[in-house]
$ cat structure.cif   # mmCIF, C-alpha atoms
data_structure
loop_
_atom_site.label_atom_id
_atom_site.label_comp_id
_atom_site.auth_asym_id
_atom_site.auth_seq_id
_atom_site.Cartn_x
_atom_site.Cartn_y
_atom_site.Cartn_z
CA MET A 185 51.03 40.87 -1.76
CA ARG A 186 48.13 40.89 -4.21
CA ARG A 187 45.84 37.85 -4.15
CA VAL A 188 44.78 36.49 -7.53
CA ARG A 189 41.09 35.53 -7.82
CA VAL A 190 40.47 31.96 -9.00
CA GLY A 191 37.50 30.05 -10.34
CA ILE A 192 37.54 26.26 -10.06
CA ILE A 193 36.17 24.19 -12.96
CA GLY A 194 35.82 20.55 -11.93
CA ALA A 195 35.49 19.81 -8.22
CA GLY A 196 36.35 16.12 -8.27
CA MET A 197 39.19 14.11 -6.77
CA ALA A 198 41.97 16.00 -8.57
CA TRP A 199 40.69 19.19 -6.96
CA GLU A 200 40.08 17.75 -3.51
CA ARG A 201 43.23 15.65 -3.15
CA LEU A 202 45.81 17.41 -5.31
CA HIS A 203 45.08 21.09 -6.00
CA TRP A 204 43.09 22.14 -2.92
CA PRO A 205 45.86 21.16 -0.43
CA ALA A 206 48.30 23.25 -2.47
CA PHE A 207 45.92 26.22 -2.58
CA GLN A 208 45.61 26.00 1.20
CA GLU A 209 49.35 26.65 1.44
CA LEU A 210 49.04 29.57 -0.96
CA GLN A 211 46.27 31.57 0.65
CA SER A 212 48.38 34.71 0.51
CA GLU A 213 48.69 34.30 -3.26
CA TYR A 214 45.27 33.03 -4.37
CA GLU A 215 41.65 33.71 -3.42
CA ILE A 216 39.07 31.18 -4.63
CA VAL A 217 35.88 33.02 -5.53
CA ALA A 218 33.76 30.51 -7.48
CA VAL A 219 33.36 26.77 -8.06
CA CYS A 220 31.88 24.96 -11.04
CA ASP A 221 31.12 21.29 -11.49
CA ILE A 222 28.76 19.53 -13.85
CA THR A 223 27.23 18.01 -10.70
CA ARG A 224 25.73 21.06 -9.03
CA ASP A 225 25.53 19.42 -5.60
CA LYS A 226 29.30 18.97 -5.69
CA ALA A 227 29.84 22.60 -6.64
CA MET A 228 27.49 23.76 -3.86
CA LYS A 229 29.25 21.52 -1.34
CA TRP A 230 32.59 23.14 -2.11
CA ALA A 231 31.21 26.65 -2.30
CA ASN A 232 29.78 26.21 1.18
CA ARG A 233 32.96 24.57 2.47
CA LEU A 234 35.00 27.50 1.19
CA GLY A 235 32.59 30.00 2.69
CA LEU A 236 31.53 31.36 -0.70
CA GLY A 237 27.81 30.71 -0.52
CA GLU A 238 25.72 28.80 -3.04
CA GLU A 239 25.41 31.88 -5.27
CA ASN A 240 29.04 31.25 -6.25
CA ALA A 241 28.42 27.63 -7.26
CA TYR A 242 27.78 26.73 -10.91
CA SER A 243 27.03 23.68 -13.01
CA ASP A 244 27.67 25.54 -16.29
CA HIS A 245 31.26 26.71 -16.82
CA ARG A 246 30.07 29.49 -19.13
CA GLN A 247 28.42 31.26 -16.22
CA LEU A 248 31.64 31.18 -14.22
CA LEU A 249 33.64 32.44 -17.20
CA GLU A 250 31.32 35.43 -17.56
CA ARG A 251 32.38 36.75 -14.15
CA THR A 252 34.65 39.76 -14.38
CA ASP A 253 36.17 39.12 -10.96
CA VAL A 254 37.60 35.72 -11.98
CA GLU A 255 41.18 36.24 -13.18
CA VAL A 256 42.35 32.61 -13.26
CA VAL A 257 40.55 29.34 -13.88
CA ASP A 258 41.86 26.00 -12.66
CA ILE A 259 40.54 23.30 -15.03
CA MET A 260 40.30 19.74 -13.68
CA VAL A 261 37.95 17.78 -15.96
CA PRO A 262 38.06 14.46 -17.86
CA ILE A 263 40.83 14.43 -20.45
CA ASP A 264 38.52 14.50 -23.46
CA LEU A 265 37.16 17.88 -22.25
CA ASN A 266 40.52 19.54 -21.52
CA PHE A 267 40.92 21.52 -24.73
CA GLU A 268 37.25 22.44 -25.00
CA LEU A 269 37.29 24.05 -21.55
CA ALA A 270 40.71 25.65 -22.07
CA GLN A 271 39.58 27.23 -25.32
CA ALA A 272 36.42 28.61 -23.69
CA ALA A 273 38.48 30.06 -20.85
CA ALA A 274 40.98 31.63 -23.25
CA GLN A 275 38.17 33.20 -25.27
CA ALA A 276 36.87 34.69 -22.03
CA GLY A 277 40.31 36.22 -21.38
CA LYS A 278 41.13 34.14 -18.30
CA ALA A 279 44.57 32.97 -17.23
CA ILE A 280 44.53 29.17 -17.28
CA ILE A 281 45.79 26.35 -15.10
CA LEU A 282 45.17 23.24 -17.22
CA GLU A 283 45.62 19.69 -15.99
CA LYS A 284 47.72 17.33 -18.06
CA PRO A 285 47.57 16.14 -20.78
CA LEU A 286 46.65 19.34 -22.54
CA ALA A 287 44.34 17.56 -25.02
CA PRO A 288 42.96 14.09 -25.91
CA ASN A 289 44.42 14.02 -29.45
CA MET A 290 47.16 15.65 -31.48
CA GLU A 291 44.83 17.91 -33.44
CA GLN A 292 43.50 19.54 -30.28
CA ALA A 293 46.98 19.53 -28.74
CA LYS A 294 48.24 21.61 -31.67
CA ALA A 295 45.28 23.99 -31.30
CA CYS A 296 46.06 24.35 -27.60
CA LEU A 297 49.51 25.67 -28.49
CA GLU A 298 47.85 28.67 -30.14
CA LEU A 299 45.74 29.72 -27.14
CA PRO A 300 48.30 31.93 -25.31
CA GLY A 301 49.24 33.92 -28.41
CA LYS A 302 45.80 33.99 -30.02
CA TYR A 303 43.98 35.24 -26.92
CA ASN A 304 46.88 36.86 -25.04
CA VAL A 305 46.38 34.76 -21.92
CA PRO A 306 48.96 32.88 -19.82
CA VAL A 307 48.55 29.09 -19.76
CA ILE A 308 50.32 26.63 -17.49
CA VAL A 309 49.97 22.86 -17.85
CA ALA A 310 49.91 21.24 -14.42
CA GLU A 311 52.40 18.44 -15.10
CA ASN A 312 53.42 17.98 -11.49
CA PHE A 313 56.34 15.62 -12.23
CA ARG A 314 58.18 18.50 -13.89
CA TYR A 315 57.66 20.55 -10.73
CA SER A 316 58.47 17.80 -8.22
CA GLU A 317 61.57 17.95 -6.07
CA GLU A 318 62.64 14.42 -7.00
CA TYR A 319 62.68 14.94 -10.78
CA ASN A 320 64.39 18.29 -10.46
CA ALA A 321 66.98 16.69 -8.16
CA LEU A 322 67.53 13.88 -10.69
CA ARG A 323 67.90 16.46 -13.44
CA ASN A 324 70.43 18.45 -11.44
CA LEU A 325 72.48 15.38 -10.51
CA VAL A 326 72.69 14.41 -14.18
CA ARG A 327 73.55 17.92 -15.32
CA GLN A 328 76.23 18.21 -12.65
CA LYS A 329 77.75 14.99 -14.02
CA LYS A 330 77.65 13.32 -10.61
CA ILE A 331 77.85 9.94 -12.39
CA GLY A 332 79.89 11.13 -15.35
CA GLU A 333 78.25 11.06 -18.76
CA PRO A 334 74.73 9.55 -18.65
CA VAL A 335 74.47 6.46 -20.84
CA TYR A 336 71.15 4.71 -20.34
CA VAL A 337 68.10 4.61 -18.12
CA ILE A 338 65.73 1.95 -16.81
CA ALA A 339 62.36 3.27 -15.62
CA HIS A 340 59.49 1.03 -14.53
CA ASN A 341 55.96 1.73 -13.36
CA ALA A 342 53.76 -1.21 -12.37
CA SER A 343 50.53 0.77 -12.38
CA CYS A 344 48.00 -1.99 -11.79
CA PHE A 345 44.75 -0.36 -12.87
CA PRO A 346 42.45 -3.23 -11.79
CA CYS A 347 44.12 -3.28 -8.36
CA SER A 348 43.10 0.36 -7.93
CA MET A 349 39.49 0.04 -9.07
CA VAL A 350 38.03 0.39 -5.60
CA LYS A 351 35.83 2.99 -3.95
CA ASP A 352 37.05 6.60 -3.93
CA THR A 353 40.10 6.14 -6.15
CA PHE A 354 41.03 7.76 -9.44
CA ALA A 355 40.78 4.40 -11.21
CA ALA A 356 37.20 4.00 -9.97
CA THR A 357 35.99 6.92 -12.09
CA GLU A 358 33.81 5.96 -15.04
CA TRP A 359 35.63 8.13 -17.57
CA ARG A 360 38.96 6.48 -16.75
CA GLN A 361 37.55 2.96 -16.94
CA HIS A 362 35.92 3.75 -20.30
CA PRO A 363 38.04 6.60 -21.69
CA GLY A 364 36.94 8.72 -24.61
CA TYR A 365 40.51 9.25 -25.81
CA PRO A 366 43.28 7.08 -27.28
CA GLY A 367 45.90 5.48 -25.08
CA GLY A 368 43.78 5.10 -21.98
CA ASP A 369 45.92 4.92 -18.84
CA LEU A 370 49.12 5.64 -20.79
CA LEU A 371 47.83 9.11 -21.72
CA ASP A 372 46.45 9.66 -18.22
CA ALA A 373 49.13 8.20 -15.93
CA GLY A 374 52.05 7.05 -18.10
CA VAL A 375 52.42 10.55 -19.53
CA HIS A 376 53.75 11.62 -16.11
CA ASP A 377 56.69 9.20 -16.34
CA LEU A 378 57.42 10.23 -19.92
CA ALA A 379 57.29 13.90 -18.91
CA GLY A 380 59.69 13.17 -16.04
CA LEU A 381 62.18 11.47 -18.35
CA ARG A 382 61.93 14.30 -20.87
CA HIS A 383 62.45 16.78 -18.04
CA ILE A 384 65.76 15.11 -17.18
CA PHE A 385 67.07 14.20 -20.64
CA GLY A 386 65.34 16.58 -23.04
CA ALA A 387 63.80 16.04 -26.45
CA VAL A 388 63.17 12.49 -27.72
CA ARG A 389 64.54 11.57 -31.12
CA SER A 390 62.61 8.32 -31.56
CA VAL A 391 60.70 5.53 -29.82
CA HIS A 392 60.10 1.85 -30.48
CA ALA A 393 57.38 0.12 -28.47
CA LEU A 394 56.11 -3.43 -27.95
CA GLY A 395 52.97 -4.59 -26.20
CA GLU A 396 50.18 -7.15 -26.21
CA ARG A 397 46.64 -5.88 -26.70
CA LEU A 398 44.22 -5.81 -23.80
CA ASN A 399 40.92 -6.97 -25.26
CA TYR A 400 38.76 -7.47 -22.18
CA ALA A 401 38.79 -3.93 -20.71
CA ASP A 402 38.73 -0.34 -21.95
CA TYR A 403 41.10 1.41 -19.55
CA SER A 404 44.16 0.61 -21.67
CA PRO A 405 44.67 -0.63 -25.23
CA TYR A 406 47.63 -2.78 -24.11
CA LYS A 407 48.41 -4.93 -21.07
CA SER A 408 51.80 -3.31 -20.80
CA PHE A 409 53.99 -0.92 -22.75
CA HIS A 410 57.67 -1.75 -23.32
CA ILE A 411 59.24 1.35 -24.81
CA ASN A 412 62.77 2.01 -26.03
CA MET A 413 63.57 5.73 -26.23
CA LEU A 414 66.48 7.52 -27.88
CA PHE A 415 67.00 11.09 -26.73
CA HIS A 416 68.64 13.79 -28.83
CA SER A 417 71.18 14.08 -26.02
CA GLY A 418 72.35 10.53 -26.86
CA VAL A 419 70.85 8.86 -23.77
CA VAL A 420 68.93 5.62 -24.32
CA ALA A 421 66.03 4.71 -22.03
CA GLN A 422 63.98 1.59 -21.47
CA TYR A 423 60.60 2.53 -20.02
CA THR A 424 57.99 -0.05 -19.03
CA PHE A 425 54.45 0.82 -18.00
CA ASN A 426 52.45 -2.16 -16.76
CA THR A 427 48.68 -1.72 -16.49
CA ILE A 428 47.57 -5.08 -15.08
CA ALA A 429 50.31 -6.32 -12.72
CA LYS A 430 51.71 -5.10 -9.43
CA GLU A 431 55.35 -5.00 -8.34
CA ILE A 432 55.64 -6.68 -4.93
CA GLN A 433 59.33 -7.30 -4.27
CA ARG A 434 61.64 -4.77 -2.67
CA PRO A 435 63.64 -2.88 -3.66
CA LEU A 436 61.47 -1.80 -6.59
CA ILE A 437 62.93 -1.44 -10.05
CA GLY A 438 62.14 2.27 -9.93
CA THR A 439 64.24 4.66 -11.99
CA ARG A 440 67.92 3.82 -12.51
CA ILE A 441 70.25 6.18 -14.38
CA PHE A 442 73.56 4.66 -15.43
CA GLY A 443 76.57 6.83 -16.22
CA THR A 444 80.20 6.33 -17.09
CA GLN A 445 81.21 6.73 -13.43
CA GLY A 446 78.22 5.55 -11.38
CA GLU A 447 74.47 5.14 -10.96
CA ILE A 448 71.53 7.19 -9.66
CA TYR A 449 68.61 5.24 -8.20
CA LEU A 450 65.13 6.44 -7.19
CA GLU A 451 63.08 3.52 -5.85
CA GLU A 452 59.74 5.35 -5.85
CA ARG A 453 58.60 8.95 -5.79
CA SER A 454 57.25 8.75 -2.25
CA CYS A 455 60.44 7.42 -0.61
CA GLY A 456 62.11 10.80 -0.03
CA ILE A 457 65.64 9.60 -0.88
CA ILE A 458 67.65 9.50 -4.10
CA ASN A 459 70.60 7.09 -3.96
CA LEU A 460 73.86 7.96 -5.65
CA PHE A 461 76.37 5.13 -6.19
CA LEU A 462 79.97 5.78 -7.18
CA PRO A 463 82.92 3.36 -6.93
CA GLY A 464 83.24 2.69 -3.20
CA VAL A 465 80.78 5.45 -2.30
CA HIS A 466 77.07 5.58 -1.50
CA GLU A 467 75.42 8.96 -0.98
CA GLU A 468 71.80 9.85 -0.23
CA ALA A 469 70.05 12.98 -1.47
CA PRO A 470 66.86 13.72 0.50
CA TYR A 471 63.85 15.52 -0.98
CA ARG A 472 60.25 16.28 0.01
CA PRO A 473 57.75 14.09 -1.85
CA GLY A 474 54.51 15.45 -3.25
CA ARG A 475 55.59 19.07 -3.69
CA GLY A 476 54.83 19.26 -7.41
CA TYR A 477 51.31 20.64 -6.98
CA TYR A 478 52.45 23.43 -4.67
CA ASN A 479 55.40 24.30 -6.89
CA GLU A 480 53.32 24.53 -10.07
CA LEU A 481 50.75 26.84 -8.49
CA LYS A 482 53.50 28.96 -6.93
CA ASN A 483 55.24 29.25 -10.31
CA PHE A 484 52.01 30.34 -12.00
CA TYR A 485 51.36 33.01 -9.40
CA LEU A 486 54.87 34.39 -9.80
CA ALA A 487 54.48 34.25 -13.59
CA ILE A 488 51.17 36.13 -13.82
CA THR A 489 52.45 38.75 -11.39
CA GLY A 490 55.53 39.30 -13.56
CA GLN A 491 58.16 37.74 -11.31
CA GLU A 492 59.28 34.68 -13.30
CA PRO A 493 58.38 32.78 -16.49
CA ILE A 494 55.98 29.84 -16.65
CA ALA A 495 58.06 26.67 -16.37
CA VAL A 496 55.65 24.22 -18.05
CA THR A 497 54.02 25.84 -21.04
CA PRO A 498 51.69 24.21 -23.58
CA GLU A 499 54.74 23.81 -25.85
CA MET A 500 56.49 21.74 -23.18
CA GLU A 501 53.49 19.51 -22.56
CA TYR A 502 52.84 19.17 -26.28
CA GLY A 503 56.11 17.28 -26.53
CA ASP A 504 55.01 14.92 -23.75
CA VAL A 505 51.70 14.22 -25.51
CA ARG A 506 53.49 13.79 -28.84
CA THR A 507 55.66 11.12 -27.21
CA VAL A 508 52.57 9.20 -26.03
CA PHE A 509 51.05 9.21 -29.51
CA ALA A 510 54.38 8.22 -31.06
CA VAL A 511 54.39 5.20 -28.73
CA LEU A 512 50.86 4.27 -29.84
CA GLU A 513 51.87 4.66 -33.49
CA SER A 514 54.91 2.46 -32.95
CA LEU A 515 52.76 -0.25 -31.38
CA GLU A 516 50.29 -0.09 -34.24
CA LYS A 517 52.88 -0.14 -37.02
CA GLY A 518 55.60 -2.19 -35.33
CA THR A 519 58.25 0.32 -36.34
CA VAL A 520 60.52 3.00 -34.92
CA VAL A 521 58.71 6.36 -34.84
CA GLU A 522 60.33 9.79 -34.82
CA VAL A 523 59.15 12.11 -32.04
CA ASP A 524 60.83 15.51 -31.74
CA PRO A 525 62.14 16.65 -35.13
CA VAL A 526 64.80 18.86 -33.55
CA ALA A 527 66.55 18.98 -30.20
CA ASP A 528 64.72 22.14 -29.18
CA TYR A 529 65.43 21.14 -25.59
CA ALA A 530 68.45 18.94 -25.01
CA PRO A 531 70.65 19.19 -21.92
CA THR A 532 74.36 19.78 -22.44
CA TYR A 533 76.30 17.22 -20.45
#
$ encode --input "structure.cif" --output "structure tokens"
Amino acid sequence: MRRVRVGIIGAGMAWERLHWPAFQELQSEYEIVAVCDITRDKAMKWANRLGLGEENAYSDHRQLLERTDVEVVDIMVPIDLNFELAQAAAQAGKAIILEKPLAPNMEQAKACLELPGKYNVPVIVAENFRYSEEYNALRNLVRQKKIGEPVYVIAHNASCFPCSMVKDTFAATEWRQHPGYPGGDLLDAGVHDLAGLRHIFGAVRSVHALGERLNYADYSPYKSFHINMLFHSGVVAQYTFNTIAKEIQRPLIGTRIFGTQGEIYLEERSCGIINLFLPGVHEEAPYRPGRGYYNELKNFYLAITGQEPIAVTPEMEYGDVRTVFAVLESLEKGTVVEVDPVADYAPTY
């Protein structure tokens, strides 16, 4: 098996806690040869930890991209830098693993769509919800009509940002507390939930959102987002993303999919069990939590070695980002906003 040589751009928490554990499981597939971080001490720390030596540590991504032995770059930087770094990597002819969302605004998101064709490089967007076992299990249960025809969905995420603003957490990072992109935590964290719903139910026809502005902090423009979604497949969803409160009671609201013959319930992504309720019947479908990061890197390896297609392309993630900005437009205008003009991806139930 040929190992693909990887350069890391951005050696922060996303690298240490999310991508690095997955790379450790894929040592037969990938070889990390260089590390870059704007903080050189951080890059040197990881280069030494990986046994690369400080000569393979960089604070300027352009130096890493000049290396002919780097085949793939894994980009994990603040959201407002995503497209800039992806474009530089594509121009250098590198295959790209790009963290979600693919860009901080729609203009750059559209430009990101052109990178694979324009520079003839493969690009995967690391939207781990689309690669997780739980969302793929939910998708399969719906497609197999385990609860009959799907009718509507309730999905809730009480993502209390202030509760998480403690040492060594993602919410403690300066760029998340004072984001340089619209949408704040909705574009950073809420986009995962929207991607998961789109993964199950396909393209979104329209959204209508309500919310009260958050005027005393920068991490989110609204205290909470209450979003009605109509999918091209006919399913209606009610998605709520709360940025300042925490859900305490059990069971959690979670994700509930209602069909003509029953209900599917996922309390939280870490629980390891999907509940299936039919008249007089309760079934449990187990899954392994936290496998999205491994699965996305495995898929990319198989794709660039010609064994299978990339599952989450820039086109797929573009739709997720477009949904976020449609929500923000709906909040601003107080109207229903169209999202996907055609049902380019709509499950057949």
$ closest_atom_pairs --input "structure.cif" --of "region 202-276 of chain A" --to "region 295-301 of chain A" --cutoff "7 Å" --atoms "only C-alpha atoms" --output "CSV"
residue,atom,partner,partner_atom,distance
A:Phe267,CA,A:Cys296,CA,6.5
A:Gln271,CA,A:Leu299,CA,6.9
A:Ala274,CA,A:Leu299,CA,6.4
$ resolve_selection --input "structure.cif" --expression "the PyMOL selection byres ((chain A and resi 384) around 10)" --output "PyMOL selection string"
chain A and resi 314+319-327+379-383+385-387+530-531
$ closest_residue --input "structure.cif" --among "A:Gly446, A:Gly456, A:Gly490, A:Gly196" --to "Glu317 (chain A)" --atoms "all atoms listed in the file"
A:Gly456
$ residues_around --input "structure.cif" --residues "Asp377 (chain A)" --least-positions-apart "5" --cutoff "12 Å" --atoms "only C-alpha atoms" --output "PyMOL selection string"
chain A and resi 311-314+316+319+338-343+369-372+382-384+411+421-425+438-439+452-453+504-505+507-508
$ resolve_selection --input "structure.cif" --expression "the PyMOL selection byres ((chain A and resi 510) around 8)" --output "list in words"
Val391, Arg506, Thr507, Val508, Phe509, Val511, Leu512, Glu513, Ser514, Val521, Glu522 and Val523 of chain A
$ resolve_selection --input "structure.cif" --expression "the PyMOL selection byres ((chain A and resi 331) around 10)" --output "PyMOL selection string"
chain A and resi 325-330+332-335+441-448+460-463
$ closest_residue --input "structure.cif" --among "A:Gln292, A:Phe409, A:Glu255, A:Tyr477" --to "Gln208 (chain A)" --atoms "all atoms listed in the file"
A:Tyr477
$ atom_distance --input "structure.cif" --atom1 "CA of Cys220 (chain A)" --atom2 "CA of Asp244 (chain A)"
6.8 Å
